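Remarks on the structure that follows.
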Protein chains: 2
Amino acid sequence: SVNPDLASERQTPSFSVEKLTAWLDGGAEHTLIRRAVVEAIDRDPVFSRENQYFQSQNERYEAAVRKSVHLQKKMHEMGWTENGPEFKYIYRALSGDIAFLLHRIFMRSISMLGSDKQIAKWIPLASQYQLIGSYAQTELGHGTYLQGLETTAVFDIATQEFILNTPKISAMKWWPGDMGRSATHTVVFAQLYVHGKCYGVHPFIVQIRSLQDHSLCPGITAGDIGPKMNFEHVDNGYLMLQNVRVPRENMLNKFCEVQPDGTYVRRGSQKINYFTMTTVRISLMSDEVITPLMKACTIAIRYSVVRRQSKLEPGKQEAKILDYQTQQEKLLPQLAAAYAFHSINNYLEELFDKGYREIQRRNFDTLPELHAFSSGFKAMITQYCTSAVEICLRACGGHGYSSLSGLPSLYTKILASCIYEGENTILLLQTARFLIKCFMAASAGQSVPPSVTYLAAVKPRKCPAKNKLDFLRPDIYTEAYQHMAVRLVSSTAAKLQNLIQSGVKKHEAWNQCTVQLAQAAKAHCHYITVKNFAETVEKLETKAGIQKIMKHLCDLFALHGIFSNAGDFLHDGYISGAQMDMVTASYLDLLPVIRKDAVPLVDAFDFSDKTLNSALGSYDGQVYQRLYEWAQKSPTNKQMSPAYERYLKPLLHNTLSKL
Amino acid sequence: SVNPDLASERQTPSFSVEKLTAWLDGGAEHTLIRRAVVEAIDRDPVFSRENQYFQSQNERYEAAVRKSVHLQKKMHEMGWTENGPEFKYIYRALSGDIAFLLHRIFMRSISMLGSDKQIAKWIPLASQYQLIGSYAQTELGHGTYLQGLETTAVFDIATQEFILNTPKISAMKWWPGDMGRSATHTVVFAQLYVHGKCYGVHPFIVQIRSLQDHSLCPGITAGDIGPKMNFEHVDNGYLMLQNVRVPRENMLNKFCEVQPDGTYVRRGSQKINYFTMTTVRISLMSDEVITPLMKACTIAIRYSVVRRQSKLEPGKQEAKILDYQTQQEKLLPQLAAAYAFHSINNYLEELFDKGYREIQRRNFDTLPELHAFSSGFKAMITQYCTSAVEICLRACGGHGYSSLSGLPSLYTKILASCIYEGENTILLLQTARFLIKCFMAASAGQSVPPSVTYLAAVKPRKCPAKNKLDFLRPDIYTEAYQHMAVRLVSSTAAKLQNLIQSGVKKHEAWNQCTVQLAQAAKAHCHYITVKNFAETVEKLETKAGIQKIMKHLCDLFALHGIFSNAGDFLHDGYISGAQMDMVTASYLDLLPVIRKDAVPLVDAFDFSDKTLNSALGSYDGQVYQRLYEWAQKSPTNKQMSPAYERYLKPLLHNTLSKL
């Protein structure tokens, strides 16, 4: 039975939950497919995550491998294919708790960087799992700076082989997933040497484990890098190479080749490769970043209407904690952000699909803009969502801190997204470089990509809002964000130029501006997100109440951003102190409005209880009962601890002196 | 041998590291004692934390018990006593990785709340470990709101006993440390009923496990609450009571008693009890909050001068990442914060010692101020330090995410400090209540406690700074913080009054102001911290360069706060946009100055490698070597995973269909 405190929240939603779910899925037909996948997976005991919070790293890895192998069978059974409509829902339904993700990157890198002949040889082997691949790029000493990789591949004309080596400890490959224990092969990135000349970093297919008995191949040292903050299910590995020889044909040679006589040939454009890295950043947003935030919101908001604590009104029943303004102000902006990022992510995915089609037509014009988009948004969204999940965790007090709430694992996992696929600060600075360049060009009257034409537009220098209701107008707040982004980009560009003109070297001047450059890039992305959310809401159907509630969320997202970054808007007086008070008033006024729909808004995300895997977040709100039931299953309750006989008993029986 | 990149950082410190360490310890004589304790503990293999990152929850608990029992022996051996000068260093040296902390709270509560007779009976038993105590206050359904506790204790005149019961699942005791598996006794807080009348929450000593064989006593259900984000070494437990009878003498009765005939007698003042809770908040700051931040800074800063990545100047060697402005801006403000909080913590400890002496003289005048101090600073410092540790973790990129860096465990542990001993938002609102009350009183010309007289002072309405160097003047920035705090308190007080005058009920008006009230309380604490740090620096000896570097850190802490909360200072024009640019310039200028001393500044914290337990943070900077050595010891590398025979082999040998 549903806890009445949760049931009552579902009685009078201002909109149709089912319609909102369908919108989130991109159509009711997708909702049907998604639910069928979720049901099939939730029903299958092999995919159970029931014991996840009790498992050791070894057990998590074994479970992930078991599930991945089982998934092959399941897909066959269900008639799901990698190109089918179900595929994108499988990962979500499994909460990403599976192995062989790097195997997929292994295949993707061969498809992108390999010749037709290499593709014909390796892809069938990999797709039939006659080998398990990984992708060995990062080294102990190098992550973001790929040119600095130290692994070497020397061409030996005599044998027509490359000899791969790890010349020093910092050159050891470190972090590649699926490599610590599973992979038989990997793509190794190494500095290519021919006749003593270095040609830079190139990819080589290297076998690391026997296909017969999985023992390490000669010259290979490999293993697991040990415990991490999360990702216990992945065998992130290390790899050392000692005079490992691979045939000439194992260098992926679509774009460059070493010929038998040692002649190095480069052909075609490598730009498409950068585009691949760029698309990966966008493709992970939904599953790894936005979905976890939606889960955290679901857990925290459901819990906050079940949890009653202290009295809001003297003499009355204890209040639901979501009725406190401070709790609303913690959680509801995060909920609004989840919807905002869902919307911008749809936009980015479309943009990248379009870009991909252009690039296939050999039109590379949009590449710099797409690269700036993917870098900036990856950084901005991962950072925002990571903080948001942490806020959700802390908003659940002590029970949020229990692993059984599901929130600690969501947090420790999403945190990694700030680091992988490009460290966020470095990504922001890449976007900033694009912005500065475009700002300069636009100032000189040159044309710039569509997303940044706003940098050159002349706009009012004061916000025209006259009362707090004006700040619920998307034109007013979007304009404010735009103004703020322009100001941060232009003032940093001016600082940069001043430094250079005063004789500071260019690279040093750049370094002295990086704190502000990163801020400017974030401001740009924040502006685009607000603008996109407002435009999306504008286009929504007005029926079923969806547009109305989404407009509230959009307003909340926008005003929360102004409220939280007030200095950026007040700095040049675009928004005055009095106007900031109006922002604050409108912002706080929105909280109780959205609070009424808070539970329906998280119900619309439509996570099954098994997907959430949270004692606090289940649909029925039986929080305390579930915490107790789950705790009883903990291995810490399976037996009396050996600590009793060994330490406690002698202590209590006062035999301390004999210890 | 020390990594040359780290060694070079230690060659020309601007101050004497040893002198700074002595200052941190409160005198060179304390440094000597501390080092002797650390050495004795680091040398003893029983206290080793070598395998900590590989251990399961069960293993962590067993290790904590083993260490705690061994510690008794060690203290005897070394001649250390609980009242001796060494005691405070033991916990730091063990990194808190021990059991029986709640046993100490059990003893403290009996000492505070028990009669002389009760103390005479229970304290000797507890101090000789003839029983192990816990402290059962929090329930599944109640944490912060103690009046809402649901456990009952009904007095039975016939047998002169109290009958304790857990009437519903939400009344189950949940979270008490040492209770899940260790404790034989606990202090249970329950609603007292006599003759059907409820007298509110009272403490009762209840035996929960047999002293003979540790089995649960009749009517007791107890166990471990399962996995948490950290604190695996603690057996946080649950407890259900079913008609558990304890004699009348087991109610702690210093302040109130049930007489044999059922007469309820209250005597003396209970104020002292609140003071106990208040002092606990202050006493945990150093070990649980500031020390972890110092460790995180040590790890992240040492790593940042060893890690080289990408080129700052074209054609040159790759740069140390600490030479990038963005990395300096991440880490150095956190380092400054560690010193700032060390300083305010010393101040608070002195204040509370003084307060304690006053209270023993039955002078309770300072209680409201002390309560406001402890609540606000607990919230502000734990929140700040938790964010700071997270920044340190993220600033170390992928390797920071490895458990072996030590940063994940520091983060997941310090995060709990935002929740326990009073949830931070609730604490801030308690401080805010005090501030509003004092502001009203001061406005009405009444006298207020010394820490808040500033609320009534008339001050300039514009910051007098004329150039960026003016912002290095403590009077200038302290005044700015003061102005900002006054503005936030007074404007929120005005909003509150307006709401009430416009007919909103008092409790509802309060709720509508809580977001801003919490901000005002934080601003007050921030102001006091800056003021205290500036005054501390002022008083430092000018020799040995300590004052100079501390002045830089104080400036950085203050300017970082203005830079990061610019809106609060710009709002009413106290600081203008042009002045904010000066703040930013001075703030960024400080970074390369402090960067030169960054390593000496963390060396001064004087953590041994074993205390840090970090592959990234050791004194010698042999980061990559250590990561590799430690990873090899991971249980994931001890054997071939059973996943190979079970899942991978059949998959690779293409027997998928037979699975």
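Lettering and numbering for the structure tokens are positional, with chains as A, B, ... in the shown order, residues counted from 1 in each chain, and ligands counted from 1 in the shown order.
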List the neighbours of region 446-452 of chain A out to 12 Å using only C-alpha atoms; skip same-chain residues closer than 4 positions along the sequence, and give me the result as a ChimeraX atom specification.
/A:348,351,365-370,372-373,431-432,434-442,456-457,482,485-486,489,521,524-525,527-529,531-532
Residues within 12 Å of His483 (chain B), please, as a ChimeraX atom specification. Count only C-alpha atoms; anything in the same chain fewer than 6 positions from it doesn't count.
/B:454-463,475-477,489-491,520,523-524,526-528,568-575
Which is closest to Ile282 (chain A) among A:Gln212, A:Thr382, A:Ser403, A:Thr184, if we use only C-alpha atoms?
A:Thr382
Run DSSP on the backbone and tell me which residues of region 360-551 of chain A come out as alpha helix (DSSP H); list them as a PyMOL selection string.
chain A and resi 360+367-395+397-401+407-414+424-443+474-501+506-539+546-551
Using only C-alpha atoms, which of the listed residues (B:Leu499, B:Tyr89, B:Asn58, B:Ser16) sits closest to Ala40 (chain B)?
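Ranking B:Leu499, B:Tyr89, B:Asn58, B:Ser16 by distance to Ala40 (chain B), first place goes to B:Tyr89.
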Identify, with DSSP run on backbone atoms, the residues in region 183-262 of chain A assigned to strand (DSSP E), and express the list as an MDAnalysis selection string.
chainID A and resid 185:194 197:207 220:224 237:241 244:247 256:258
With N, CA, C and O atoms kept, could you save the residues just selected as a short mmCIF file (atom, residue, chain, number, x, y, z; two decimals), in the first residue's frame?
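So part17.cif came out as:
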data_model
loop_
_atom_site.label_atom_id
_atom_site.label_comp_id
_atom_site.auth_asym_id
_atom_site.auth_seq_id
_atom_site.Cartn_x
_atom_site.Cartn_y
_atom_site.Cartn_z
N HIS A 185 42.32 -8.07 -25.96
CA HIS A 185 42.97 -7.16 -26.90
C HIS A 185 42.74 -5.73 -26.45
O HIS A 185 41.80 -5.44 -25.70
N THR A 186 43.57 -4.84 -26.96
CA THR A 186 43.31 -3.43 -26.68
C THR A 186 43.92 -2.58 -27.79
O THR A 186 44.85 -3.02 -28.47
N VAL A 187 43.36 -1.40 -27.97
CA VAL A 187 43.98 -0.43 -28.86
C VAL A 187 44.92 0.41 -28.01
O VAL A 187 44.48 1.06 -27.07
N VAL A 188 46.22 0.32 -28.30
CA VAL A 188 47.22 1.06 -27.54
C VAL A 188 47.63 2.30 -28.31
O VAL A 188 47.99 2.22 -29.49
N PHE A 189 47.58 3.44 -27.67
CA PHE A 189 48.07 4.67 -28.29
C PHE A 189 49.53 4.87 -27.90
O PHE A 189 49.87 4.85 -26.72
N ALA A 190 50.38 5.04 -28.92
CA ALA A 190 51.82 5.12 -28.66
C ALA A 190 52.48 6.08 -29.65
O ALA A 190 51.96 6.31 -30.74
N GLN A 191 53.62 6.61 -29.24
CA GLN A 191 54.42 7.47 -30.12
C GLN A 191 55.08 6.57 -31.17
O GLN A 191 55.84 5.66 -30.83
N LEU A 192 54.79 6.86 -32.42
CA LEU A 192 55.34 6.06 -33.51
C LEU A 192 56.74 6.54 -33.90
O LEU A 192 56.93 7.74 -34.15
N TYR A 193 57.68 5.60 -33.93
CA TYR A 193 59.04 5.92 -34.40
C TYR A 193 59.36 5.07 -35.62
O TYR A 193 59.19 3.85 -35.60
N VAL A 194 59.82 5.74 -36.68
CA VAL A 194 60.33 5.01 -37.84
C VAL A 194 61.70 5.61 -38.17
O VAL A 194 61.83 6.84 -38.26
N LYS A 197 62.81 8.52 -36.19
CA LYS A 197 62.03 9.76 -36.21
C LYS A 197 60.65 9.54 -35.58
O LYS A 197 60.00 8.53 -35.85
N CYS A 198 60.24 10.49 -34.75
CA CYS A 198 58.94 10.37 -34.09
C CYS A 198 57.85 11.01 -34.94
O CYS A 198 57.96 12.16 -35.37
N TYR A 199 56.77 10.25 -35.17
CA TYR A 199 55.65 10.75 -35.96
C TYR A 199 54.41 11.06 -35.12
O TYR A 199 53.33 11.26 -35.66
N GLY A 200 54.57 11.04 -33.83
CA GLY A 200 53.42 11.36 -32.95
C GLY A 200 52.60 10.14 -32.59
O GLY A 200 52.96 9.00 -32.91
N VAL A 201 51.49 10.38 -31.92
CA VAL A 201 50.69 9.31 -31.32
C VAL A 201 49.83 8.59 -32.38
O VAL A 201 49.15 9.23 -33.18
N HIS A 202 49.90 7.27 -32.36
CA HIS A 202 49.11 6.43 -33.28
C HIS A 202 48.51 5.25 -32.54
O HIS A 202 49.05 4.82 -31.52
N PRO A 203 47.43 4.68 -33.07
CA PRO A 203 46.76 3.55 -32.42
C PRO A 203 47.19 2.19 -32.98
O PRO A 203 47.27 2.01 -34.20
N PHE A 204 47.43 1.23 -32.08
CA PHE A 204 47.87 -0.12 -32.46
C PHE A 204 47.00 -1.16 -31.75
O PHE A 204 46.76 -1.04 -30.55
N ILE A 205 46.59 -2.18 -32.50
CA ILE A 205 45.87 -3.27 -31.86
C ILE A 205 46.88 -4.25 -31.26
O ILE A 205 47.78 -4.73 -31.96
N VAL A 206 46.74 -4.50 -29.96
CA VAL A 206 47.69 -5.36 -29.26
C VAL A 206 46.90 -6.42 -28.49
O VAL A 206 45.94 -6.11 -27.79
N GLN A 207 47.34 -7.67 -28.67
CA GLN A 207 46.74 -8.73 -27.85
C GLN A 207 47.43 -8.75 -26.51
O GLN A 207 48.66 -8.73 -26.43
N ILE A 220 53.77 -8.70 -21.50
CA ILE A 220 52.65 -7.93 -20.96
C ILE A 220 52.59 -8.02 -19.44
O ILE A 220 52.65 -9.12 -18.88
N THR A 221 52.49 -6.87 -18.78
CA THR A 221 52.15 -6.83 -17.36
C THR A 221 50.83 -6.08 -17.29
O THR A 221 50.72 -4.98 -17.83
N ALA A 222 49.84 -6.69 -16.66
CA ALA A 222 48.55 -6.01 -16.60
C ALA A 222 47.81 -6.42 -15.35
O ALA A 222 48.06 -7.50 -14.79
N GLY A 223 46.92 -5.58 -14.90
CA GLY A 223 46.12 -5.89 -13.72
C GLY A 223 45.11 -4.79 -13.48
O GLY A 223 44.92 -3.91 -14.31
N ASP A 224 44.49 -4.89 -12.30
CA ASP A 224 43.42 -3.95 -11.94
C ASP A 224 44.02 -2.80 -11.12
O ASP A 224 44.91 -3.02 -10.30
N GLY A 237 42.09 -0.84 -15.64
CA GLY A 237 43.33 -1.61 -15.55
C GLY A 237 44.60 -0.83 -15.80
O GLY A 237 44.57 0.33 -16.18
N TYR A 238 45.70 -1.51 -15.53
CA TYR A 238 47.01 -0.98 -15.93
C TYR A 238 47.66 -1.94 -16.90
O TYR A 238 47.30 -3.13 -16.97
N LEU A 239 48.62 -1.42 -17.66
CA LEU A 239 49.25 -2.22 -18.71
C LEU A 239 50.67 -1.73 -18.94
O LEU A 239 50.88 -0.54 -19.21
N MET A 240 51.62 -2.65 -18.84
CA MET A 240 53.00 -2.34 -19.20
C MET A 240 53.41 -3.24 -20.35
O MET A 240 53.08 -4.43 -20.36
N LEU A 241 54.14 -2.68 -21.28
CA LEU A 241 54.56 -3.42 -22.48
C LEU A 241 56.08 -3.50 -22.51
O LEU A 241 56.76 -2.47 -22.34
N VAL A 244 56.94 -5.73 -26.88
CA VAL A 244 55.79 -6.46 -27.44
C VAL A 244 55.72 -6.17 -28.94
O VAL A 244 55.69 -5.02 -29.35
N ARG A 245 55.74 -7.22 -29.73
CA ARG A 245 55.75 -7.06 -31.18
C ARG A 245 54.36 -7.29 -31.78
O ARG A 245 53.71 -8.26 -31.45
N VAL A 246 53.95 -6.38 -32.65
CA VAL A 246 52.71 -6.60 -33.40
C VAL A 246 53.00 -6.39 -34.87
O VAL A 246 53.88 -5.58 -35.23
N PRO A 247 52.30 -7.12 -35.75
CA PRO A 247 52.58 -6.97 -37.18
C PRO A 247 52.22 -5.56 -37.68
O PRO A 247 51.39 -4.88 -37.08
N CYS A 256 46.71 7.10 -41.84
CA CYS A 256 48.15 7.14 -42.01
C CYS A 256 48.68 5.73 -41.93
O CYS A 256 48.14 4.88 -41.23
N GLU A 257 49.76 5.51 -42.62
CA GLU A 257 50.27 4.16 -42.75
C GLU A 257 51.79 4.19 -42.77
O GLU A 257 52.40 5.15 -43.26
N VAL A 258 52.38 3.13 -42.23
CA VAL A 258 53.81 2.93 -42.42
C VAL A 258 53.94 1.84 -43.48
O VAL A 258 53.47 0.71 -43.30
#
For each of B:Val234, B:Tyr647, B:Ile301, B:Ala336, take the minimum atom-to-atom distance to Pro600 (chain B), counting only C-alpha atoms, then give the residue where this is smallest.
B:Ile301
Atomic separation - CA of Leu164 (chain A) relative to CA of Leu101 (chain A), Å:
25.0 Å
From B:Asp589, B:Glu329, B:Glu59, B:Asp116, residue lying nearest Leu472 (chain B) [only C-alpha atoms]
B:Asp589
Can you pull out the residues contacting Thr279 (chain A)? Cut-off 9 Å, using only C-alpha atoms, and skip same-chain residues under 5 positions away; I want them as a CSV table (one decimal) with N, CA, C and O atoms, in the first residue's frame.
chain,number,residue,atom,x,y,z
A,274,TYR,N,38.4,14.1,-34.2
A,274,TYR,CA,38.1,15.0,-33.1
A,274,TYR,C,36.6,15.0,-33.0
A,274,TYR,O,36.1,15.1,-31.9
A,284,LEU,N,27.1,10.9,-23.7
A,284,LEU,CA,27.1,10.3,-22.3
A,284,LEU,C,26.2,11.2,-21.4
A,284,LEU,O,25.9,10.8,-20.3
A,349,GLU,N,21.7,17.0,-29.1
A,349,GLU,CA,21.8,15.7,-29.9
A,349,GLU,C,21.3,16.0,-31.3
A,349,GLU,O,21.9,15.4,-32.3
A,352,PHE,N,24.1,17.7,-33.2
A,352,PHE,CA,25.2,16.9,-33.6
A,352,PHE,C,24.8,15.9,-34.7
A,352,PHE,O,25.6,15.5,-35.5
A,370,LEU,N,30.7,23.1,-33.0
A,370,LEU,CA,30.3,21.9,-32.3
A,370,LEU,C,31.2,21.5,-31.2
A,370,LEU,O,30.8,21.0,-30.1
A,371,HIS,N,32.5,21.7,-31.5
A,371,HIS,CA,33.5,21.3,-30.5
A,371,HIS,C,33.3,22.2,-29.2
A,371,HIS,O,33.4,21.8,-28.1
A,374,SER,N,30.2,21.0,-27.3
A,374,SER,CA,30.4,19.8,-26.6
A,374,SER,C,31.3,20.0,-25.4
A,374,SER,O,31.0,19.4,-24.3
Please list as a compact mmCIF listing (two decimals) with N, CA, C and O atoms, in the first residue's frame every residue within 10 Å of Gly561 (chain B), counting only C-alpha atoms and excluding residues in the same chain fewer than 2 positions away.
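Written output follows (result_37.txt):
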# COMPACT_ATOMS: atom_id res chain seq x y z
N PRO B 333 42.78 28.89 -2.22
CA PRO B 333 41.75 29.37 -1.28
C PRO B 333 41.36 28.31 -0.24
O PRO B 333 41.00 28.65 0.89
N ALA B 337 41.59 28.69 3.70
CA ALA B 337 40.44 28.39 4.56
C ALA B 337 40.86 27.48 5.72
O ALA B 337 40.38 27.64 6.85
N TYR B 481 32.76 42.93 4.98
CA TYR B 481 32.02 41.76 5.47
C TYR B 481 31.00 42.17 6.52
O TYR B 481 29.88 41.67 6.55
N HIS B 526 30.80 34.18 8.52
CA HIS B 526 31.90 34.48 7.59
C HIS B 526 32.62 35.76 8.06
O HIS B 526 33.85 35.83 8.07
N TYR B 527 31.82 36.74 8.42
CA TYR B 527 32.40 38.01 8.90
C TYR B 527 33.26 37.78 10.14
O TYR B 527 34.41 38.22 10.20
N VAL B 530 36.58 36.10 9.22
CA VAL B 530 37.54 37.01 8.59
C VAL B 530 38.14 37.94 9.65
O VAL B 530 39.37 38.13 9.71
N ASP B 555 44.38 37.57 3.58
CA ASP B 555 43.89 38.37 2.45
C ASP B 555 43.19 37.47 1.43
O ASP B 555 42.12 37.79 0.93
N LEU B 556 43.83 36.34 1.14
CA LEU B 556 43.26 35.45 0.13
C LEU B 556 41.90 34.91 0.58
O LEU B 556 40.94 34.88 -0.19
N PHE B 557 41.85 34.50 1.83
CA PHE B 557 40.58 33.97 2.35
C PHE B 557 39.48 35.03 2.24
O PHE B 557 38.37 34.75 1.78
N ALA B 558 39.82 36.26 2.65
CA ALA B 558 38.81 37.33 2.65
C ALA B 558 38.41 37.69 1.21
O ALA B 558 37.21 37.80 0.90
N LEU B 559 39.38 37.84 0.33
CA LEU B 559 39.05 38.26 -1.04
C LEU B 559 38.36 37.15 -1.83
O LEU B 559 37.49 37.41 -2.65
N PHE B 563 34.98 37.69 -3.80
CA PHE B 563 34.94 37.29 -5.22
C PHE B 563 33.83 36.25 -5.45
O PHE B 563 33.10 36.33 -6.44
N SER B 564 33.70 35.30 -4.54
CA SER B 564 32.74 34.20 -4.75
C SER B 564 31.32 34.56 -4.36
O SER B 564 30.38 33.85 -4.72
N ASN B 565 31.15 35.60 -3.57
CA ASN B 565 29.81 36.02 -3.15
C ASN B 565 29.59 37.48 -3.54
O ASN B 565 29.03 38.27 -2.78
N ALA B 566 30.06 37.81 -4.75
CA ALA B 566 30.09 39.21 -5.18
C ALA B 566 28.74 39.89 -5.03
O ALA B 566 28.66 41.05 -4.62
N TYR B 587 42.86 39.62 -5.70
CA TYR B 587 42.66 38.21 -5.41
C TYR B 587 43.53 37.35 -6.33
O TYR B 587 44.29 36.48 -5.85
